[in-house]
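For reference, the structure discussed in these notes is given below.
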2 protein chains.
Amino acid sequence: MAENAMCRLNPVDFTHVKIENRFWTPRQEVNRCVTIPHQYRMCKETERIDAFKLNWKQGQENPPHIFWDSDVAKWVEAAAYTVSTHPDPELGKLLDEVTTLIANSQQADGYLNVHYTVVEPDKRWANLRDCHELYCAGHLMEAAVTLYQATGKRHLLDALCRYADYIDSVFGRGKGKKRGYCGHEEIELALVKLYQTTGNRRYLKLAKYFVDERGRQPHYFHAEARERGDDPKTYRAQTYDYCQAHKPLRDQSEVVGHAVRAFYIYSGMADVAALTGDCELLAACKRLWDDLTQHKLYLTGGIGPSRHNEGFTRNYDLPNETAYAETCAAIALVFFAHRMLQIEADSRYADVVEQALYNGVLSGVSLDGTKFFYENPLASLGNHHRQQWFGCACCPPNVARLLASLGQYVYSTGAVSLYTHLYVGGQATTQVAGQQVTLTQETNYPWDGDVSLRLAVAQPTEFDLMLRIPRWCSQYAISVNGKAVTTTMSRGYVEIRRTWKDGDTAELTLSMPVERVVAHPKVLSDVGKVALQRGPIVYCLEECDNPNVLSLRVPKQAKLTTRFDKRLLGGMSVVEGEAMSPSMTGWKGKLYTKAEDVKIKPVRFRAIPYFAWDNREPGAMAVWVPTI
Amino acid sequence: MAENAMCRLNPVDFTHVKIENRFWTPRQEVNRCVTIPHQYRMCKETERIDAFKLNWKQGQENPPHIFWDSDVAKWVEAAAYTVSTHPDPELGKLLDEVTTLIANSQQADGYLNVHYTVVEPDKRWANLRDCHELYCAGHLMEAAVTLYQATGKRHLLDALCRYADYIDSVFGRGKGKKRGYCGHEEIELALVKLYQTTGNRRYLKLAKYFVDERGRQPHYFHAEARERGDDPKTYRAQTYDYCQAHKPLRDQSEVVGHAVRAFYIYSGMADVAALTGDCELLAACKRLWDDLTQHKLYLTGGIGPSRHNEGFTRNYDLPNETAYAETCAAIALVFFAHRMLQIEADSRYADVVEQALYNGVLSGVSLDGTKFFYENPLASLGNHHRQQWFGCACCPPNVARLLASLGQYVYSTGAVSLYTHLYVGGQATTQVAGQQVTLTQETNYPWDGDVSLRLAVAQPTEFDLMLRIPRWCSQYAISVNGKAVTTTMSRGYVEIRRTWKDGDTAELTLSMPVERVVAHPKVLSDVGKVALQRGPIVYCLEECDNPNVLSLRVPKQAKLTTRFDKRLLGGMSVVEGEAMSPSMTGWKGKLYTKAEDVKIKPVRFRAIPYFAWDNREPGAMAVWVPTI
């Protein structure tokens, strides 16, 4: 394993974390038993998997698309996490078949890409800007690394190392090499994973090259376009902002362009910065983080408001009904936040992991596991619904791999500390201060804020147990073995320093009232509106619970209550209260009237977690509700 | 003159109405002295006028565009109204030159269209759907009629009659004729004007043919496209809704498609219905009116919310910032409302004439008369500004001709009645009950609601003086010669029936408090918001008066006052009060916070008439303001 120069923390990886939790276990089970098989079928039916047989011939229908390799790679990754945490011979067999097919599609020189092997063999590396060639390579590398970690099987990892070696022979600053990089970033973080898994610094160096080269002048995408005989001005996106290549990454301060691309490369930047001790690059990551979280982040953890560029616009531009907020982008944000968290050990990053995870990521998949959102708007007139699959199918397998890998986001270890970032019941086993520690977490989070953490140690061991106090929480209590303890706060974590004995139990109680949240006054879409949040869960009002939902207003003084509704969608906490509803009668023939003529009557409203919307009758929905 | 079978009223035409009014006289003077000369220069510089010399040759730059004839025609119409009400030898000379040029461009067979004479002579009538050929003819007919009414000069009228005769020989149900009609309606209402001016029923019959034929099956636009060798499916608009040709007009009940097209044809329908006694067609007009006013009309009188089709979408879809609300469309609405008013003598039509005129029409031109809005949104982030001209320059001369023709919208006569629709100071002379009556109106409307109407009659004459009580007015008082009188209400008009003697004066006082207006709860863009209106004037808040204007909220109980600010933009009434402004401090590093943590402070706000926005420093603007 490789060094991790600047990271304060190391995540406890998914192979050492078991999830047993009322909230997450059913979601992982649906992912394992429904979503992953469903996605296999979709990949199979759409010929994405068999494409690796390289049988497609010119003139045939359904030519393998430039994205396809990545869709299958993400499915492999999701399935690999899953067979590790839930051994399943049938899924294991499928996984062997698919990964063998992939590995066998590798060319003699190490190249491994279906489209450019069978459809446009003469165009290899000809259009890095648009054609996702290195992006697909990156996803295959991630799949290979995960498969190896999960199962110990090396066949795909070996193939991808050969592919990475070949890529390294093509790209770089050396004589005769292409000074290119991919229009859709991804390979950078993947090469870092390959380095961390193999210890081969060549992959880290190549990742660093891709990060450093991006956006330099003379611009590679310009030269490359001309070499193809294209006018660079015909670039569909019009601007290299779109792919974060408008200037060198380390000079960037503003989150721009395609949201998934942005947060994949920021993740790669954070990795390279941490592993090479590059403070300048890390500073850029922090500037980008601040820009995002202060100006461009939806309350749900969604990012990228615009369909136009699948990405970012101007500060405070956070429209609700037209929010693009691609599922993949919220997932990419989790990746970046998770990396920054390891570097900085600051809860503000974990807060955002949690915010995205429980809201804008989880909304991406239906509760039954068979339908997916590409876009995650914060309001709907009733015409936005999940779909079984997409022609561009990036989101479904991305959410599958994230849910399958959830364990790795829960804990980290520091030098003499064990961090709990997320309150997810289950068990983790890891080394702290040279000792094996097993931590068993029990909680009904996010429906309530009581968390119990029991430690099992072979012998008494002194270390800091670090418990995250979420940003949304303004009151909490902590005890150990039933007794109050003195604690200090460190970057958003309560630090319980003691010599832990076997069976010691820390109890954390996070007070979790329903909060009315308001947005910065410059967020014009939310002026005069509130959102309801309880714990990490952002709520929304759906038409099937609330007739004329988009006309409702929530009085400032309205009492808001919460209760667990076990019959609702498998059981979840709802928020209820009194709203004011303008009368729909008395309007005959009128479109406008004097304010004093409108009757407003109180009605009961019910809000459900945002992630669970569009799982019942189709209808309108709103997160932000006007106040009165 | 022709009969007017179903009209209860006849407008008093612009040659018999003189405007002398604090509000309108300066606007007409700017129109006459600045806008009309400015538009002449623009037409000249862009070669629209000299194009009628037919000198353009294949291969030259700047080929005459299919719209150009109509731009010049509207300028002629505006100038003709103006020389009638304000004789001006210089403008008269220009008008003679331009109209002689137009008349001289007529071909031997009567055809008169620059583009299809010099640019695509082989494509005459080949693409009625897209190419505005009959639309241009219609505008030229309107110009010719107005020139004749204004000056008695027949040269253009005669040319356009010859053109109309030629068109009549080409289109219709007779053997060998084309069963076509124009993709952009306009010629229908123009042919009716030609009929009303010449008494030649051929033109009315042709108008009726165009109205009746539209939208029939087999569809002309389908056949025409195939004849050109085009696939009808490639129609840019995708649907014949766009040009109201999806089904026969008399079967239509829903306002659809391109807004200007819609309201030009509805105007033509109303004309044809009235003049031919076609109750079925009139019923369609009323259904369309109801659909518009109950579901699709901006408070400003703007119509057509979407840029996509320059027109209509679904009911209650009235977005503010992205409102298209083309100036031409508000003008077209005035045309339709004015026609329905003559037919029905119901103030609801005059209310809409007033609503559009003082708001969404007048906003179309800057106060200095040199810049124009194509789109009239009801909110702006500060990036929407008037322009000197447009490549597609329909709006500037359209607003010029409407302002120049204002006189004809003020009064109508019935059998034994004289109607005052608008409160505009000045004088009208007309025949009522067989006697010449001169009515002198004095008022400071719309800034206050006191109106004095003095009658001059050669001998005492019994008739009904009908004074419109605007929909926005809930309290009014009426006296004659200083004494209260008994009156009855008839379709929104106060009816003062008496034998009027020379010098009799009716006094009307319309109470004009500032009103808070709310929209139907289904207008989602306006939920939780109010607009301020006083009299017919809709107000808006501009950033230059109100920092952070888009974050302000107006409390329900806020006292609203009004005062006349004589230094503001030539003098206008403003509305002032107290708003609540969320503090912009305390947000450092935060995009969201708990509602109770936001400080809100009271600030004074000032609202100005919507029509006058964007005449000072550029900035944000809102008509609808969230309440609190």
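Naming scheme: A, B, ... for chains in displayed order of the structure tokens; residues 1 onward per chain; ligands 1 onward as shown.
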
Contacts of Met572 (chain A) at 10 Å (only C-alpha atoms; same-chain gap of 5+ positions) as a count of residues only: 11

Can you tell me, as an mmCIF file with C-alpha atoms, in the first residue's frame, what residues are no more than 10 Å from Val598 (chain A) when counting only C-alpha atoms, ignoring any on the same chain fewer than 5 positions away?
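And here's selection_13.cif as it stands now:
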```cif
data_model
loop_
_atom_site.group_PDB
_atom_site.id
_atom_site.type_symbol
_atom_site.label_atom_id
_atom_site.label_comp_id
_atom_site.auth_asym_id
_atom_site.auth_seq_id
_atom_site.Cartn_x
_atom_site.Cartn_y
_atom_site.Cartn_z
ATOM 1 C CA PRO A 582 -56.110 29.814 -0.900
ATOM 2 C CA SER A 583 -59.664 28.953 -1.778
ATOM 3 C CA MET A 584 -60.055 27.593 -5.291
ATOM 4 C CA THR A 585 -63.686 28.698 -5.295
ATOM 5 C CA GLY A 586 -64.740 32.290 -5.826
ATOM 6 C CA TRP A 587 -62.439 32.572 -8.833
ATOM 7 C CA TYR A 592 -56.552 38.143 -10.685
ATOM 8 C CA THR A 593 -58.336 39.711 -7.761
ATOM 9 C CA VAL B 517 -53.521 42.153 -6.422
ATOM 10 C CA VAL B 518 -53.124 38.389 -6.183
ATOM 11 C CA ALA B 519 -53.228 35.802 -8.908
ATOM 12 C CA HIS B 520 -55.323 32.656 -9.106
ATOM 13 C CA PRO B 521 -53.754 30.008 -6.840
#
```

For Thr234 (chain A), the closest of A:Glu576, A:Asp130, A:Glu321, A:Asp271 counting only C-alpha atoms is A:Asp130

Margin query: I'd like the neighbourhood of region 348-357 of chain A as a PyMOL selection string, where a residue qualifies if any of its atoms comes within 8 Å (using only C-alpha atoms), though same-chain residues fewer than 3 positions away should be ignored.
Written below: chain A and resi 299-302+330-331+333-334+337-338+340-341+360-362+421-422+470-471+492+536-537

Could those residues be written to a file, using N, CA, C and O atoms, as a CSV table (one decimal), in the first residue's frame?
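Output (selection_0.csv):
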```
chain,number,residue,atom,x,y,z
A,299,LEU,N,-30.1,22.4,-1.4
A,299,LEU,CA,-30.3,21.9,0.0
A,299,LEU,C,-30.3,20.4,0.0
A,299,LEU,O,-29.9,19.8,1.0
A,300,THR,N,-30.7,19.8,-1.1
A,300,THR,CA,-30.7,18.3,-1.2
A,300,THR,C,-29.3,17.7,-1.4
A,300,THR,O,-29.2,16.5,-1.5
A,301,GLY,N,-28.3,18.5,-1.6
A,301,GLY,CA,-27.0,18.0,-2.0
A,301,GLY,C,-26.9,17.8,-3.5
A,301,GLY,O,-25.9,17.4,-4.0
A,302,GLY,N,-27.9,18.2,-4.2
A,302,GLY,CA,-27.9,18.2,-5.7
A,302,GLY,C,-27.0,19.3,-6.1
A,302,GLY,O,-26.8,20.4,-5.5
A,330,ALA,N,-24.5,14.4,-7.7
A,330,ALA,CA,-24.6,14.3,-6.3
A,330,ALA,C,-23.6,13.2,-5.8
A,330,ALA,O,-23.0,13.4,-4.7
A,331,ILE,N,-23.5,12.1,-6.5
A,331,ILE,CA,-22.6,11.1,-6.2
A,331,ILE,C,-21.2,11.6,-6.3
A,331,ILE,O,-20.3,11.3,-5.4
A,333,LEU,N,-20.2,14.5,-5.9
A,333,LEU,CA,-20.0,15.4,-4.8
A,333,LEU,C,-19.6,14.6,-3.5
A,333,LEU,O,-18.7,14.9,-2.8
A,334,VAL,N,-20.3,13.4,-3.4
A,334,VAL,CA,-19.9,12.5,-2.2
A,334,VAL,C,-18.5,12.1,-2.4
A,334,VAL,O,-17.7,12.1,-1.4
A,337,ALA,N,-16.2,15.2,-1.4
A,337,ALA,CA,-16.4,15.5,0.0
A,337,ALA,C,-15.7,14.4,0.8
A,337,ALA,O,-15.0,14.7,1.8
A,338,HIS,N,-15.8,13.2,0.4
A,338,HIS,CA,-15.2,12.1,1.2
A,338,HIS,C,-13.7,12.2,1.2
A,338,HIS,O,-13.0,12.0,2.2
A,340,MET,N,-11.9,15.0,0.7
A,340,MET,CA,-11.6,16.2,1.5
A,340,MET,C,-11.7,15.9,3.0
A,340,MET,O,-10.9,16.4,3.8
A,341,LEU,N,-12.6,15.1,3.3
A,341,LEU,CA,-12.8,14.7,4.7
A,341,LEU,C,-11.6,14.0,5.2
A,341,LEU,O,-11.1,14.3,6.4
A,360,GLY,N,-30.3,14.0,-2.3
A,360,GLY,CA,-30.2,14.0,-3.7
A,360,GLY,C,-29.5,12.8,-4.4
A,360,GLY,O,-29.6,12.6,-5.6
A,361,VAL,N,-28.9,11.9,-3.6
A,361,VAL,CA,-28.4,10.7,-4.1
A,361,VAL,C,-29.5,9.6,-4.1
A,361,VAL,O,-29.9,9.0,-5.0
A,362,LEU,N,-30.1,9.5,-2.9
A,362,LEU,CA,-31.0,8.5,-2.6
A,362,LEU,C,-32.3,8.7,-3.4
A,362,LEU,O,-33.0,7.7,-3.8
A,421,HIS,N,-18.3,9.1,11.1
A,421,HIS,CA,-18.8,10.2,10.2
A,421,HIS,C,-20.3,10.2,10.1
A,421,HIS,O,-21.0,11.2,10.1
A,422,LEU,N,-20.8,8.9,9.9
A,422,LEU,CA,-22.2,8.7,9.6
A,422,LEU,C,-22.8,7.8,10.7
A,422,LEU,O,-22.1,6.9,11.2
A,470,PRO,N,-23.5,16.7,13.6
A,470,PRO,CA,-23.9,17.3,12.3
A,470,PRO,C,-24.2,18.8,12.4
A,470,PRO,O,-24.7,19.3,13.5
A,471,ARG,N,-24.0,19.5,11.4
A,471,ARG,CA,-24.3,20.9,11.3
A,471,ARG,C,-25.7,21.2,11.6
A,471,ARG,O,-26.0,22.3,12.2
A,492,GLY,N,-15.7,20.0,14.4
A,492,GLY,CA,-17.0,19.5,14.2
A,492,GLY,C,-17.2,18.1,14.8
A,492,GLY,O,-18.3,17.5,14.7
A,536,PRO,N,-30.9,14.9,9.0
A,536,PRO,CA,-30.3,15.1,7.7
A,536,PRO,C,-31.3,15.0,6.6
A,536,PRO,O,-31.0,15.2,5.4
A,537,ILE,N,-32.6,14.8,6.9
A,537,ILE,CA,-33.6,14.5,5.9
A,537,ILE,C,-34.3,15.8,5.5
A,537,ILE,O,-34.9,16.5,6.3
```

- [ ] Tell me, as a list in words, which residues lie within 9 Å of Thr440 (chain A), counting only C-alpha atoms; anything in the same chain fewer than 2 positions away does not count.
- [x]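 Counting only the stated atoms, we get Gly425, Gly426, Gln427, Ala428, Thr429, Thr438, Glu442, Ser452, Leu453, Arg454, Leu455 and Ala456 of chain A.
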
Worksheet item: Could you name the residues that touch region 51-59 of chain B at 9 Å or less, counting only C-alpha atoms, but leaving out those on the same chain fewer than 6 positions away, as an MDAnalysis selection string?
Response: chainID B and resid 68:69 98 101:105 113:115 117:119

Output for the residues just chosen: N, CA and C atoms as a PDB file, in the first residue's frame:
```pdb
ATOM      1  N   TRP B  68     -39.644  42.373 -44.523  1.00  0.00           N
ATOM      2  CA  TRP B  68     -39.352  43.802 -44.633  1.00  0.00           C
ATOM      3  C   TRP B  68     -40.535  44.671 -45.024  1.00  0.00           C
ATOM      4  N   ASP B  69     -41.322  44.215 -46.023  1.00  0.00           N
ATOM      5  CA  ASP B  69     -42.452  45.028 -46.483  1.00  0.00           C
ATOM      6  C   ASP B  69     -43.347  45.433 -45.311  1.00  0.00           C
ATOM      7  N   VAL B  98     -42.180  57.518 -49.662  1.00  0.00           N
ATOM      8  CA  VAL B  98     -42.164  56.083 -49.348  1.00  0.00           C
ATOM      9  C   VAL B  98     -43.355  55.385 -49.986  1.00  0.00           C
ATOM     10  N   LEU B 101     -42.957  54.999 -53.701  1.00  0.00           N
ATOM     11  CA  LEU B 101     -42.010  53.913 -53.941  1.00  0.00           C
ATOM     12  C   LEU B 101     -42.710  52.549 -53.833  1.00  0.00           C
ATOM     13  N   ILE B 102     -43.502  52.418 -52.796  1.00  0.00           N
ATOM     14  CA  ILE B 102     -44.216  51.142 -52.604  1.00  0.00           C
ATOM     15  C   ILE B 102     -45.171  50.897 -53.777  1.00  0.00           C
ATOM     16  N   ALA B 103     -45.975  51.915 -54.078  1.00  0.00           N
ATOM     17  CA  ALA B 103     -46.972  51.740 -55.148  1.00  0.00           C
ATOM     18  C   ALA B 103     -46.289  51.419 -56.476  1.00  0.00           C
ATOM     19  N   ASN B 104     -45.167  52.072 -56.703  1.00  0.00           N
ATOM     20  CA  ASN B 104     -44.457  51.851 -57.964  1.00  0.00           C
ATOM     21  C   ASN B 104     -43.804  50.479 -58.066  1.00  0.00           C
ATOM     22  N   SER B 105     -43.673  49.826 -56.919  1.00  0.00           N
ATOM     23  CA  SER B 105     -43.045  48.499 -56.963  1.00  0.00           C
ATOM     24  C   SER B 105     -44.048  47.432 -57.396  1.00  0.00           C
ATOM     25  N   ASN B 113     -44.673  42.581 -53.671  1.00  0.00           N
ATOM     26  CA  ASN B 113     -43.898  41.987 -52.573  1.00  0.00           C
ATOM     27  C   ASN B 113     -42.445  42.022 -53.007  1.00  0.00           C
ATOM     28  N   VAL B 114     -41.612  42.716 -52.240  1.00  0.00           N
ATOM     29  CA  VAL B 114     -40.234  42.924 -52.672  1.00  0.00           C
ATOM     30  C   VAL B 114     -39.471  41.604 -52.755  1.00  0.00           C
ATOM     31  N   HIS B 115     -39.496  40.836 -51.664  1.00  0.00           N
ATOM     32  CA  HIS B 115     -38.688  39.613 -51.623  1.00  0.00           C
ATOM     33  C   HIS B 115     -39.011  38.696 -52.800  1.00  0.00           C
ATOM     34  N   THR B 117     -40.343  39.370 -55.518  1.00  0.00           N
ATOM     35  CA  THR B 117     -40.140  39.946 -56.850  1.00  0.00           C
ATOM     36  C   THR B 117     -38.665  39.905 -57.246  1.00  0.00           C
ATOM     37  N   VAL B 118     -37.777  40.199 -56.263  1.00  0.00           N
ATOM     38  CA  VAL B 118     -36.360  40.269 -56.657  1.00  0.00           C
ATOM     39  C   VAL B 118     -35.503  39.107 -56.170  1.00  0.00           C
ATOM     40  N   VAL B 119     -35.871  38.478 -55.039  1.00  0.00           N
ATOM     41  CA  VAL B 119     -34.994  37.437 -54.480  1.00  0.00           C
ATOM     42  C   VAL B 119     -35.404  36.040 -54.959  1.00  0.00           C
TER      43      VAL B 119
END
```

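Straight-line separation from CA of Trp389 (chain A) to CA of Ile49 (chain A): 15.1 Å.
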
Of A:Glu542, A:Asp290, A:Glu617, A:Glu326, the one sitting nearest chain B when using only C-alpha atoms is A:Asp290

**Prompt:** When you draw a straight line from CA of Cys544 (chain B) to CA of Asn320 (chain B), how long is it in Å?
**Reply:**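 For CA of Cys544 (chain B) relative to CA of Asn320 (chain B), the distance reads 19.3 Å.
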